[in-house]
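Just upload13.pdb here, PDB, C-alpha atoms:
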ATOM      1  CA  MET T 140       0.000   0.000   0.000
ATOM      2  CA  PRO T 141       1.440   3.422  -0.872
ATOM      3  CA  GLU T 142       2.481   5.708   1.937
ATOM      4  CA  ASN T 143       0.242   8.632   2.863
ATOM      5  CA  GLU T 144       2.945  11.230   2.293
ATOM      6  CA  MET T 145       3.263  10.192  -1.340
ATOM      7  CA  SER T 146       1.159  11.605  -4.123
ATOM      8  CA  ILE T 147      -0.225   9.978  -7.243
ATOM      9  CA  ARG T 148      -0.184  12.219 -10.312
ATOM     10  CA  ILE T 149      -2.887  11.583 -12.918
ATOM     11  CA  GLY T 150      -2.451  13.233 -16.301
ATOM     12  CA  THR T 151      -5.773  14.361 -17.748
ATOM     13  CA  GLY T 152      -6.687  16.961 -20.362
ATOM     14  CA  GLU T 153      -7.592  20.602 -20.718
ATOM     15  CA  ARG T 154      -9.497  22.148 -17.816
ATOM     16  CA  GLY T 155     -13.203  21.405 -18.225
ATOM     17  CA  GLY T 156     -12.622  18.659 -20.788
ATOM     18  CA  THR T 157     -13.700  15.034 -20.425
ATOM     19  CA  PHE T 158     -10.376  13.685 -19.149
ATOM     20  CA  TYR T 159     -10.061  16.518 -16.640
ATOM     21  CA  THR T 160     -13.540  16.065 -15.178
ATOM     22  CA  GLN T 161     -13.016  12.312 -14.989
ATOM     23  CA  GLY T 162      -9.727  12.920 -13.207
ATOM     24  CA  LEU T 163     -11.499  15.067 -10.613
ATOM     25  CA  ALA T 164     -14.044  12.290 -10.057
ATOM     26  CA  LEU T 165     -11.237   9.755  -9.609
ATOM     27  CA  LYS T 166      -9.591  12.042  -7.086
ATOM     28  CA  ALA T 167     -12.820  12.453  -5.122
ATOM     29  CA  ALA T 168     -13.545   8.717  -5.052
ATOM     30  CA  MET T 169     -10.027   7.549  -4.322
ATOM     31  CA  GLU T 170      -9.253   9.975  -1.538
ATOM     32  CA  ARG T 171     -12.207   8.593   0.435
ATOM     33  CA  ILE T 172     -10.382   5.262   0.703
ATOM     34  CA  PRO T 173      -8.225   4.874   3.842
ATOM     35  CA  ARG T 174      -4.455   5.075   3.325
ATOM     36  CA  THR T 175      -4.789   6.479  -0.184
ATOM     37  CA  PRO T 176      -2.055   9.008  -1.032
ATOM     38  CA  ARG T 177      -2.904  12.520  -2.132
ATOM     39  CA  ILE T 178      -4.196  12.521  -5.711
ATOM     40  CA  GLU T 179      -2.918  15.257  -8.009
ATOM     41  CA  VAL T 180      -4.983  15.931 -11.140
ATOM     42  CA  VAL T 181      -2.588  17.279 -13.770
ATOM     43  CA  GLU T 182      -3.887  19.247 -16.740
ATOM     44  CA  SER T 183      -2.686  18.605 -20.281
ATOM     45  CA  PRO T 184      -3.186  21.900 -22.099
ATOM     46  CA  ALA T 185      -1.236  20.861 -25.176
ATOM     47  CA  GLY T 186      -2.074  17.398 -26.358
ATOM     48  CA  MET T 187      -3.944  15.106 -23.956
ATOM     49  CA  SER T 188      -3.406  11.485 -25.086
ATOM     50  CA  ILE T 189      -0.134  12.173 -26.883
ATOM     51  CA  GLU T 190       1.245  14.460 -24.212
ATOM     52  CA  ASN T 191       0.188  12.096 -21.427
ATOM     53  CA  ALA T 192       2.155   9.244 -23.016
ATOM     54  CA  TYR T 193       5.282  11.398 -23.205
ATOM     55  CA  ARG T 194       4.795  12.623 -19.627
ATOM     56  CA  LEU T 195       4.501   9.029 -18.425
ATOM     57  CA  ASP T 196       7.773   8.288 -20.202
ATOM     58  CA  ALA T 197       9.443  11.290 -18.572
ATOM     59  CA  GLY T 198       8.154  10.390 -15.100
ATOM     60  CA  ASP T 199       6.147  13.617 -14.819
ATOM     61  CA  ILE T 200       2.931  11.696 -14.082
ATOM     62  CA  ASP T 201       2.172   8.226 -12.707
ATOM     63  CA  PHE T 202      -1.056   7.532 -14.611
ATOM     64  CA  GLY T 203      -2.583   9.157 -17.650
ATOM     65  CA  PHE T 204      -5.770   9.162 -19.693
ATOM     66  CA  ILE T 205      -5.044   7.930 -23.223
ATOM     67  CA  SER T 206      -7.450   6.965 -25.989
ATOM     68  CA  ALA T 207      -7.069   3.337 -27.052
ATOM     69  CA  PRO T 208      -5.946   4.026 -30.664
ATOM     70  CA  TRP T 209      -2.844   5.795 -29.375
ATOM     71  CA  VAL T 210      -1.798   3.235 -26.753
ATOM     72  CA  ALA T 211      -0.391   0.763 -29.268
ATOM     73  CA  ALA T 212       1.046   3.584 -31.361
ATOM     74  CA  ALA T 213       2.931   4.888 -28.310
ATOM     75  CA  LYS T 214       4.266   1.422 -27.479
ATOM     76  CA  GLN T 215       5.534   1.003 -31.052
ATOM     77  CA  GLY T 216       6.747   4.579 -31.513
ATOM     78  CA  ALA T 217       4.441   4.813 -34.550
ATOM     79  CA  PRO T 218       2.929   8.133 -35.762
ATOM     80  CA  PRO T 219       1.933  10.470 -34.228
ATOM     81  CA  PHE T 220       4.687   9.406 -31.793
ATOM     82  CA  THR T 221       8.362   9.957 -32.554
ATOM     83  CA  GLN T 222       9.643   7.493 -29.947
ATOM     84  CA  ALA T 223       8.426   4.344 -28.226
ATOM     85  CA  VAL T 224       6.900   4.591 -24.739
ATOM     86  CA  ASP T 225       6.776   1.491 -22.509
ATOM     87  CA  LEU T 226       3.136   1.761 -21.456
ATOM     88  CA  ARG T 227       0.983  -0.651 -19.460
ATOM     89  CA  ILE T 228      -2.825  -0.714 -19.148
ATOM     90  CA  ALA T 229      -4.356   0.087 -15.762
ATOM     91  CA  ALA T 230      -8.126   0.288 -16.323
ATOM     92  CA  PRO T 231     -10.833   1.195 -18.841
ATOM     93  CA  MET T 232     -12.374   4.605 -18.221
ATOM     94  CA  ASN T 233     -15.208   5.140 -20.682
ATOM     95  CA  LEU T 234     -16.491   4.362 -24.148
ATOM     96  CA  GLY T 235     -18.076   7.295 -25.922
ATOM     97  CA  PRO T 236     -18.495   8.929 -29.331
ATOM     98  CA  ASN T 237     -16.083  11.216 -31.104
ATOM     99  CA  PHE T 238     -18.287  13.139 -33.524
ATOM    100  CA  PHE T 239     -18.514  16.114 -35.852
ATOM    101  CA  VAL T 240     -20.971  18.857 -35.006
ATOM    102  CA  ALA T 241     -22.108  21.785 -37.165
ATOM    103  CA  ARG T 242     -24.521  24.670 -36.784
ATOM    104  CA  ALA T 243     -28.105  23.553 -37.417
ATOM    105  CA  ASP T 244     -28.535  26.381 -39.932
ATOM    106  CA  SER T 245     -25.666  25.097 -42.107
ATOM    107  CA  GLU T 246     -25.942  22.905 -45.200
ATOM    108  CA  LEU T 247     -23.839  20.173 -43.603
ATOM    109  CA  ARG T 248     -25.601  16.884 -42.981
ATOM    110  CA  THR T 249     -22.994  14.131 -43.228
ATOM    111  CA  VAL T 250     -19.287  13.837 -42.514
ATOM    112  CA  SER T 251     -18.586  13.592 -46.242
ATOM    113  CA  ASP T 252     -20.073  17.098 -46.579
ATOM    114  CA  LEU T 253     -16.960  18.446 -44.800
ATOM    115  CA  ARG T 254     -15.040  18.482 -48.077
ATOM    116  CA  GLY T 255     -14.028  22.063 -48.822
ATOM    117  CA  ARG T 256     -14.916  23.293 -45.302
ATOM    118  CA  ARG T 257     -13.085  24.697 -42.293
ATOM    119  CA  VAL T 258     -13.092  22.177 -39.434
ATOM    120  CA  ALA T 259     -11.806  22.570 -35.872
ATOM    121  CA  VAL T 260     -10.077  19.228 -35.249
ATOM    122  CA  GLY T 261      -8.419  19.746 -31.854
ATOM    123  CA  MET T 262      -4.848  20.544 -30.877
ATOM    124  CA  LYS T 263      -2.195  19.794 -33.491
ATOM    125  CA  ASP T 264      -0.172  17.571 -31.145
ATOM    126  CA  GLY T 265      -3.193  16.030 -29.419
ATOM    127  CA  GLY T 266      -5.060  12.780 -29.897
ATOM    128  CA  MET T 267      -8.188  14.230 -31.520
ATOM    129  CA  ALA T 268      -6.469  15.630 -34.628
ATOM    130  CA  PRO T 269      -4.924  12.329 -35.783
ATOM    131  CA  HIS T 270      -8.233  10.626 -34.976
ATOM    132  CA  ALA T 271      -9.972  13.091 -37.290
ATOM    133  CA  GLU T 272      -7.294  12.433 -39.924
ATOM    134  CA  GLY T 273      -8.107   8.728 -39.746
ATOM    135  CA  VAL T 274     -11.727   9.563 -40.534
ATOM    136  CA  PHE T 275     -10.791  11.891 -43.386
ATOM    137  CA  ALA T 276      -8.447   9.310 -44.907
ATOM    138  CA  ALA T 277     -11.102   6.595 -44.675
ATOM    139  CA  LEU T 278     -13.512   8.892 -46.550
ATOM    140  CA  GLY T 279     -10.906   9.720 -49.187
ATOM    141  CA  MET T 280     -10.344  13.321 -48.075
ATOM    142  CA  GLY T 281      -6.700  14.339 -48.349
ATOM    143  CA  PRO T 282      -4.690  17.298 -47.034
ATOM    144  CA  ASP T 283      -6.084  19.711 -49.614
ATOM    145  CA  ASP T 284      -9.724  18.640 -49.386
ATOM    146  CA  LEU T 285     -10.588  20.654 -46.282
ATOM    147  CA  GLU T 286      -8.969  23.188 -43.967
ATOM    148  CA  ARG T 287      -7.940  21.872 -40.561
ATOM    149  CA  ILE T 288      -8.095  24.379 -37.711
ATOM    150  CA  TYR T 289      -5.964  23.311 -34.721
ATOM    151  CA  VAL T 290      -7.520  24.654 -31.534
ATOM    152  CA  ASP T 291      -8.652  23.243 -28.202
ATOM    153  CA  PHE T 292     -12.255  22.210 -27.552
ATOM    154  CA  ALA T 293     -13.325  25.475 -25.969
ATOM    155  CA  GLU T 294     -11.878  27.659 -28.730
ATOM    156  CA  GLY T 295     -13.285  25.346 -31.394
ATOM    157  CA  ALA T 296     -16.747  25.721 -29.895
ATOM    158  CA  GLU T 297     -16.372  29.508 -29.810
ATOM    159  CA  MET T 298     -15.360  29.502 -33.457
ATOM    160  CA  LEU T 299     -18.327  27.335 -34.427
ATOM    161  CA  ALA T 300     -20.710  29.605 -32.526
ATOM    162  CA  ALA T 301     -19.187  32.631 -34.292
ATOM    163  CA  GLY T 302     -19.320  30.958 -37.701
ATOM    164  CA  THR T 303     -15.565  31.113 -38.298
ATOM    165  CA  VAL T 304     -15.408  27.321 -38.703
ATOM    166  CA  ASP T 305     -18.016  25.157 -40.379
ATOM    167  CA  ALA T 306     -17.761  22.174 -38.024
ATOM    168  CA  GLN T 307     -15.973  20.920 -34.936
ATOM    169  CA  PHE T 308     -14.688  17.465 -33.976
ATOM    170  CA  GLN T 309     -16.034  16.852 -30.484
ATOM    171  CA  CYS T 310     -15.057  14.440 -27.727
ATOM    172  CA  PRO T 311     -17.405  12.068 -25.838
ATOM    173  CA  ILE T 312     -20.451  13.542 -24.167
ATOM    174  CA  PRO T 313     -21.502  14.676 -21.712
ATOM    175  CA  ASN T 314     -18.812  17.325 -21.637
ATOM    176  CA  ARG T 315     -19.144  20.914 -20.521
ATOM    177  CA  VAL T 316     -17.975  22.475 -23.787
ATOM    178  CA  MET T 317     -20.495  20.575 -25.905
ATOM    179  CA  THR T 318     -23.329  21.089 -23.426
ATOM    180  CA  GLU T 319     -22.752  24.850 -23.290
ATOM    181  CA  LEU T 320     -22.372  25.065 -27.075
ATOM    182  CA  SER T 321     -25.682  23.259 -27.679
ATOM    183  CA  GLU T 322     -27.404  25.614 -25.243
ATOM    184  CA  ARG T 323     -26.015  28.724 -26.971
ATOM    185  CA  ILE T 324     -26.747  27.779 -30.572
ATOM    186  CA  SER T 325     -28.734  25.157 -32.431
ATOM    187  CA  VAL T 326     -26.404  22.369 -33.522
ATOM    188  CA  ARG T 327     -26.517  19.308 -35.741
ATOM    189  CA  VAL T 328     -24.519  16.103 -35.236
ATOM    190  CA  LEU T 329     -23.188  14.991 -38.614
ATOM    191  CA  THR T 330     -23.992  11.433 -39.647
ATOM    192  CA  TYR T 331     -22.028   8.892 -41.700
ATOM    193  CA  ASP T 332     -23.185   7.153 -44.817
ATOM    194  CA  PRO T 333     -23.032   3.466 -43.758
ATOM    195  CA  PRO T 334     -20.084   2.551 -46.024
ATOM    196  CA  HIS T 335     -18.136   5.534 -44.684
ATOM    197  CA  LEU T 336     -18.709   4.548 -41.060
ATOM    198  CA  ASP T 337     -17.579   1.005 -41.869
ATOM    199  CA  ALA T 338     -14.453   2.365 -43.570
ATOM    200  CA  ALA T 339     -13.615   4.604 -40.604
ATOM    201  CA  LEU T 340     -14.054   1.712 -38.159
ATOM    202  CA  LYS T 341     -11.604  -0.358 -40.186
ATOM    203  CA  ALA T 342      -9.115   2.517 -40.387
ATOM    204  CA  ILE T 343      -8.928   3.451 -36.689
ATOM    205  CA  PRO T 344      -7.675   0.697 -34.358
ATOM    206  CA  HIS T 345      -9.901  -0.166 -31.377
ATOM    207  CA  ASP T 346     -12.718   2.238 -32.289
ATOM    208  CA  GLN T 347     -16.152   0.646 -31.972
ATOM    209  CA  ARG T 348     -19.571   1.366 -33.409
ATOM    210  CA  ILE T 349     -21.608   3.246 -30.799
ATOM    211  CA  MET T 350     -25.048   4.827 -30.806
ATOM    212  CA  MET T 351     -25.543   8.445 -29.796
ATOM    213  CA  ARG T 352     -29.009   8.390 -28.294
ATOM    214  CA  LYS T 353     -31.762  10.860 -29.097
ATOM    215  CA  GLY T 354     -31.793  13.673 -26.547
ATOM    216  CA  ALA T 355     -28.193  13.129 -25.416
ATOM    217  CA  LEU T 356     -27.646  16.801 -26.242
ATOM    218  CA  ARG T 357     -29.938  19.609 -27.336
ATOM    219  CA  GLY T 358     -30.543  19.278 -31.056
ATOM    220  CA  LEU T 359     -29.966  15.527 -31.294
ATOM    221  CA  ASP T 360     -33.455  14.403 -32.293
ATOM    222  CA  GLN T 361     -32.711  10.851 -33.410
ATOM    223  CA  ASP T 362     -30.369   7.985 -32.594
ATOM    224  CA  VAL T 363     -27.154   8.351 -34.610
ATOM    225  CA  PRO T 364     -24.452   5.677 -35.086
ATOM    226  CA  GLN T 365     -20.964   7.085 -34.545
ATOM    227  CA  LEU T 366     -17.353   6.102 -33.914
ATOM    228  CA  GLY T 367     -16.938   5.076 -30.288
ATOM    229  CA  VAL T 368     -13.532   5.674 -28.724
ATOM    230  CA  LEU T 369     -12.391   3.695 -25.683
ATOM    231  CA  ASN T 370     -10.452   5.814 -23.218
ATOM    232  CA  LEU T 371      -8.058   4.092 -20.836
ATOM    233  CA  LEU T 372      -6.146   4.881 -17.677
ATOM    234  CA  VAL T 373      -2.579   3.954 -18.548
ATOM    235  CA  THR T 374       0.636   3.802 -16.568
ATOM    236  CA  HIS T 375       4.321   3.120 -17.270
ATOM    237  CA  ALA T 376       6.071  -0.226 -16.908
ATOM    238  CA  ARG T 377       8.338   1.267 -14.215
ATOM    239  CA  ILE T 378       5.505   2.195 -11.813
ATOM    240  CA  ASP T 379       5.550  -0.172  -8.840
ATOM    241  CA  ALA T 380       2.923  -2.897  -8.730
ATOM    242  CA  THR T 381       1.662  -1.987  -5.255
ATOM    243  CA  THR T 382       0.680   1.522  -6.330
ATOM    244  CA  VAL T 383      -1.034   0.273  -9.487
ATOM    245  CA  GLU T 384      -2.852  -2.463  -7.572
ATOM    246  CA  HIS T 385      -4.177   0.089  -5.062
ATOM    247  CA  VAL T 386      -5.354   2.515  -7.741
ATOM    248  CA  VAL T 387      -6.998  -0.120  -9.940
ATOM    249  CA  GLY T 388      -8.557  -1.917  -6.986
ATOM    250  CA  THR T 389     -10.088   1.352  -5.823
ATOM    251  CA  ILE T 390     -11.461   2.069  -9.305
ATOM    252  CA  ILE T 391     -13.078  -1.376  -9.477
ATOM    253  CA  LEU T 392     -14.701  -1.048  -6.062
ATOM    254  CA  ALA T 393     -15.788   2.552  -6.684
ATOM    255  CA  ALA T 394     -17.150   2.013 -10.218
ATOM    256  CA  THR T 395     -20.766   2.698  -9.265
ATOM    257  CA  GLU T 396     -19.867   5.749  -7.184
ATOM    258  CA  LEU T 397     -17.743   7.117 -10.025
ATOM    259  CA  GLY T 398     -20.814   6.925 -12.259
ATOM    260  CA  ARG T 399     -22.655   9.151  -9.790
ATOM    261  CA  LEU T 400     -19.770  11.616  -9.608
ATOM    262  CA  ASP T 401     -19.346  11.958 -13.391
ATOM    263  CA  PRO T 402     -21.821  10.628 -15.982
ATOM    264  CA  LEU T 403     -18.904   9.750 -18.265
ATOM    265  CA  PHE T 404     -18.251   6.897 -15.826
ATOM    266  CA  ALA T 405     -21.861   5.653 -16.054
ATOM    267  CA  GLY T 406     -20.817   2.536 -17.990
ATOM    268  CA  LEU T 407     -17.619   1.822 -16.057
ATOM    269  CA  ALA T 408     -18.928  -1.264 -14.255
ATOM    270  CA  GLU T 409     -19.950  -2.768 -17.609
ATOM    271  CA  LEU T 410     -16.536  -1.961 -19.113
ATOM    272  CA  ILE T 411     -14.806  -3.690 -16.214
ATOM    273  CA  GLU T 412     -17.078  -6.695 -16.714
ATOM    274  CA  THR T 413     -16.063  -6.689 -20.389
ATOM    275  CA  PHE T 414     -12.423  -6.777 -19.281
ATOM    276  CA  ARG T 415     -13.253  -9.785 -17.116
ATOM    277  CA  SER T 416     -14.929 -11.685 -19.929
ATOM    278  CA  GLN T 417     -12.464 -10.868 -22.719
ATOM    279  CA  ASN T 418      -9.553 -13.105 -23.493
ATOM    280  CA  ARG T 419      -6.035 -11.883 -22.839
ATOM    281  CA  ALA T 420      -5.295 -10.851 -26.425
ATOM    282  CA  MET T 421      -8.326  -8.553 -26.491
ATOM    283  CA  ARG T 422      -7.204  -6.835 -23.265
ATOM    284  CA  GLU T 423      -3.741  -6.036 -24.557
ATOM    285  CA  PHE T 424      -4.586  -3.261 -27.041
ATOM    286  CA  GLY T 425      -2.052  -3.943 -29.736
ATOM    287  CA  GLY T 426       0.439  -5.718 -27.480
ATOM    288  CA  VAL T 427       0.299  -3.273 -24.561
ATOM    289  CA  GLU T 428      -0.328  -5.524 -21.595
ATOM    290  CA  LEU T 429      -2.055  -4.978 -18.288
ATOM    291  CA  HIS T 430       0.371  -3.774 -15.637
ATOM    292  CA  PRO T 431       1.172  -6.627 -13.178
ATOM    293  CA  GLY T 432      -0.317  -4.535 -10.375
ATOM    294  CA  ALA T 433      -3.528  -4.171 -12.368
ATOM    295  CA  VAL T 434      -3.648  -7.924 -12.938
ATOM    296  CA  ARG T 435      -3.399  -8.459  -9.175
ATOM    297  CA  ALA T 436      -6.224  -5.999  -8.543
ATOM    298  CA  TYR T 437      -8.517  -7.649 -11.094
ATOM    299  CA  LEU T 438      -7.768 -11.108  -9.715
ATOM    300  CA  GLU T 439      -8.329 -10.009  -6.114
ATOM    301  CA  THR T 440     -11.735  -8.521  -6.934
ATOM    302  CA  GLY T 441     -12.795 -11.371  -9.189
ATOM    303  CA  SER T 442     -12.734  -9.070 -12.204
ATOM    304  CA  LEU T 443     -10.328 -11.166 -14.280
ATOM    305  CA  ARG T 444     -10.181 -14.764 -15.333
TER     306      ARG T 444
END
As C-alpha cells - that is how I would like this structure written.
Amino acid sequence: MPENEMSIRIGTGERGGTFYTQGLALKAAMERIPRTPRIEVVESPAGMSIENAYRLDAGDIDFGFISAPWVAAAKQGAPPFTQAVDLRIAAPMNLGPNFFVARADSELRTVSDLRGRRVAVGMKDGGMAPHAEGVFAALGMGPDDLERIYVDFAEGAEMLAAGTVDAQFQCPIPNRVMTELSERISVRVLTYDPPHLDAALKAIPHDQRIMMRKGALRGLDQDVPQLGVLNLLVTHARIDATTVEHVVGTIILAATELGRLDPLFAGLAELIETFRSQNRAMREFGGVELHPGAVRAYLETGSLR
C-alpha cells in the first residue's frame, strides 16, 4: 500500500474537458479510501493522449488518460509518436463517441459534406487531430480537401458559434464544452453514410460502433451511429505494482460511485465486466499488456479470469 505522504499524479486533459472532469471524479472517489495518497490531477493543455504518453515516459505523471488508438502507437513509436513509450494498461475509463458537429442552420448533414470546409479538429499535437485524420483518410479526403483548424475544444466551440469554422470534432459527451455550445446555438450532429462509417471503423484501431441516443444533447433528435472511442487509464512499466494495484482496486470497487460523480463513468462497471470476460489478447490493445499490479487488482476482486 502506498504511503500517505506520497502523491499519485494523474495526467488528464484541458481544464473542463472530459479527461479533466473524470480525473477530478477519480480524485474524489479515491481519496475517500483509507491510506490512499494525495491525488494530483494534472492538466494537459497541449495534447492530452499524446502528451500524457510522453509525460509518463518522462516520469512527470504516474497515470494518464489515453485513448485506445494511441496506446499501441505509443508502445511502437508509430505516428503520431516519434519514440516508443513502454506503457501498461491500468483500467478502462469510458467508451463514448467522437463526432462532428455543425450549426443547425448550415448545409452540412454528413461527414462527407466536410469536403471544402473549415473544421476545428483539436490541438495539433493532441489525440483528436490524428483521430480526425483517420476519418478523413477513410472517406478519401486528403490534405487539400478541407482546412484543418488546430484549436482546443473550448476555442473550437467559440469559433463554431461565431461561424468562423463550419464544423468541430467533439469528444465524448456529456462534456461541458459541448453542453454549453448546444445551449447557446442550435447544432446538428453529422452522420455517416453506412459505407463511410464502416471504412472509418476499419481505419482506426480499437474504435467501436456506438449509438448516440436521441436527446443526449440539445438538437440531437434521433439515434445516430458514430465512432466510439475507448479511453483508458494507462501507466508506465516502471511504476511499482503496489501503487497500481491500489489505484486499480479502488477504481473497481468505486465504479458505481464514479458513475454518480461523473456521468462519463456511467458505464464503467460494464466496461470492467467486459475486461473480465475478454480473453487476454483482447485486453492487450495492440500488445500493450495490463500492468502486473492491475492484474493483481482484477484477480483479487474477481474481475479477471
Inset, instruction - Name every residue that the PyMOL selection byres ((chain T and resi 221) around 12) selects in this structure, writing the answer as a list in words with chains first and numbers rising. - result: Ile189, Glu190, Ala192, Tyr193, Ala212, Ala213, Lys214, Gln215, Gly216, Ala217, Pro218, Pro219, Phe220, Gln222, Ala223, Val224 and Asp264 of chain T
Legend entry - Residues returned when the PyMOL selection byres ((chain T and resi 155) around 8) runs on this file, as a ChimeraX atom specification: /T:153-154,156-157,159-160,314-316
At most 6 Å is the cut-off: for each residue in stretch 187-295 of chain T with any atom that close to an atom of stretch 339-349 of chain T, write down the nearest atom pair and the distance in Å rounded to one decimal, counting all atoms listed in the file, chain first then increasing number, as CSV.
residue,atom,partner,partner_atom,distance
T:Pro208,CA,T:Pro344,CA,5.3
T:Val274,CA,T:Ala339,CA,5.3
T:Ala277,CA,T:Ala339,CA,5.2
Legend entry - the PyMOL selection byres ((chain T and resi 328) around 6) applied to the shown file, residues as a PyMOL selection string: chain T and resi 240+327+329
Residues of stretch 226-343 of chain T at most 12 Å from stretch 384-393 of chain T: nearest atom pair and distance in Å, only C-alpha atoms, as CSV:
residue,atom,partner,partner_atom,distance
T:Ile228,CA,T:Val387,CA,10.1
T:Ala229,CA,T:Val387,CA,6.4
T:Ala230,CA,T:Val387,CA,6.5
T:Pro231,CA,T:Ile390,CA,9.6
T:Met232,CA,T:Ile390,CA,9.3
Selection above as a file: C-alpha atoms, as an mmCIF file, in the coordinates of the input:
data_model
loop_
_atom_site.group_PDB
_atom_site.id
_atom_site.type_symbol
_atom_site.label_atom_id
_atom_site.label_comp_id
_atom_site.auth_asym_id
_atom_site.auth_seq_id
_atom_site.Cartn_x
_atom_site.Cartn_y
_atom_site.Cartn_z
ATOM 1 C CA ILE T 228 -2.825 -0.714 -19.148
ATOM 2 C CA ALA T 229 -4.356 0.087 -15.762
ATOM 3 C CA ALA T 230 -8.126 0.288 -16.323
ATOM 4 C CA PRO T 231 -10.833 1.195 -18.841
ATOM 5 C CA MET T 232 -12.374 4.605 -18.221
#
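In this comparison, which uses all atoms listed in the file, the residue of T:Gly203, T:Gly441, T:Gly150, T:Pro184 approaching T:Ile411 most closely is T:Gly441.
With atom CA of T:Leu438 on one side and atom CA of T:Ala197 on the other, the separation reads 29.6 Å.
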Inset, instruction - Name all residues at most 10 Å from stretch 164-175 of chain T (count all atoms listed in the file; drop same-chain ones fewer than 4 positions away) and give them as a ChimeraX atom specification. - result: /T:140-149,158-160,179-180,382,385-390,392-394,396-404
Export of the given selection (C-alpha atoms) as a short mmCIF file (atom, residue, chain, number, x, y, z; two decimals), in the frame of the given file:
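The file below, part15.cif, is the result:
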data_model
loop_
_atom_site.label_atom_id
_atom_site.label_comp_id
_atom_site.auth_asym_id
_atom_site.auth_seq_id
_atom_site.Cartn_x
_atom_site.Cartn_y
_atom_site.Cartn_z
CA MET T 140 0.00 0.00 0.00
CA PRO T 141 1.44 3.42 -0.87
CA GLU T 142 2.48 5.71 1.94
CA ASN T 143 0.24 8.63 2.86
CA GLU T 144 2.94 11.23 2.29
CA MET T 145 3.26 10.19 -1.34
CA SER T 146 1.16 11.60 -4.12
CA ILE T 147 -0.22 9.98 -7.24
CA ARG T 148 -0.18 12.22 -10.31
CA ILE T 149 -2.89 11.58 -12.92
CA PHE T 158 -10.38 13.68 -19.15
CA TYR T 159 -10.06 16.52 -16.64
CA THR T 160 -13.54 16.07 -15.18
CA GLU T 179 -2.92 15.26 -8.01
CA VAL T 180 -4.98 15.93 -11.14
CA THR T 382 0.68 1.52 -6.33
CA HIS T 385 -4.18 0.09 -5.06
CA VAL T 386 -5.35 2.52 -7.74
CA VAL T 387 -7.00 -0.12 -9.94
CA GLY T 388 -8.56 -1.92 -6.99
CA THR T 389 -10.09 1.35 -5.82
CA ILE T 390 -11.46 2.07 -9.30
CA LEU T 392 -14.70 -1.05 -6.06
CA ALA T 393 -15.79 2.55 -6.68
CA ALA T 394 -17.15 2.01 -10.22
CA GLU T 396 -19.87 5.75 -7.18
CA LEU T 397 -17.74 7.12 -10.02
CA GLY T 398 -20.81 6.92 -12.26
CA ARG T 399 -22.66 9.15 -9.79
CA LEU T 400 -19.77 11.62 -9.61
CA ASP T 401 -19.35 11.96 -13.39
CA PRO T 402 -21.82 10.63 -15.98
CA LEU T 403 -18.90 9.75 -18.26
CA PHE T 404 -18.25 6.90 -15.83
#
Give the padded box for stretch 404-408 of chain T as lines of an AutoDock Vina configuration file: axis-aligned, covering all atoms listed in the file, 3 Å on each side, centre and edge lengths in Å to one decimal.
center_x = -19.7
center_y = 2.8
center_z = -16.1
size_x = 10.2
size_y = 14.2
size_z = 9.7
Legend entry - Proximity to T:Asp332 - best of T:Asn370, T:Ser188, T:Thr249, T:Thr440, all atoms listed in the file: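 Comparing T:Asn370, T:Ser188, T:Thr249, T:Thr440 against T:Asp332, the winner is T:Thr249.
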Inset, instruction - Determine the nearest neighbour of T:Met317 from the options T:Gln161, T:Ser183, T:Thr151, T:Asn237, counting all atoms listed in the file. - result: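 Looking at the shortest contact to T:Met317, the residue is T:Asn237.
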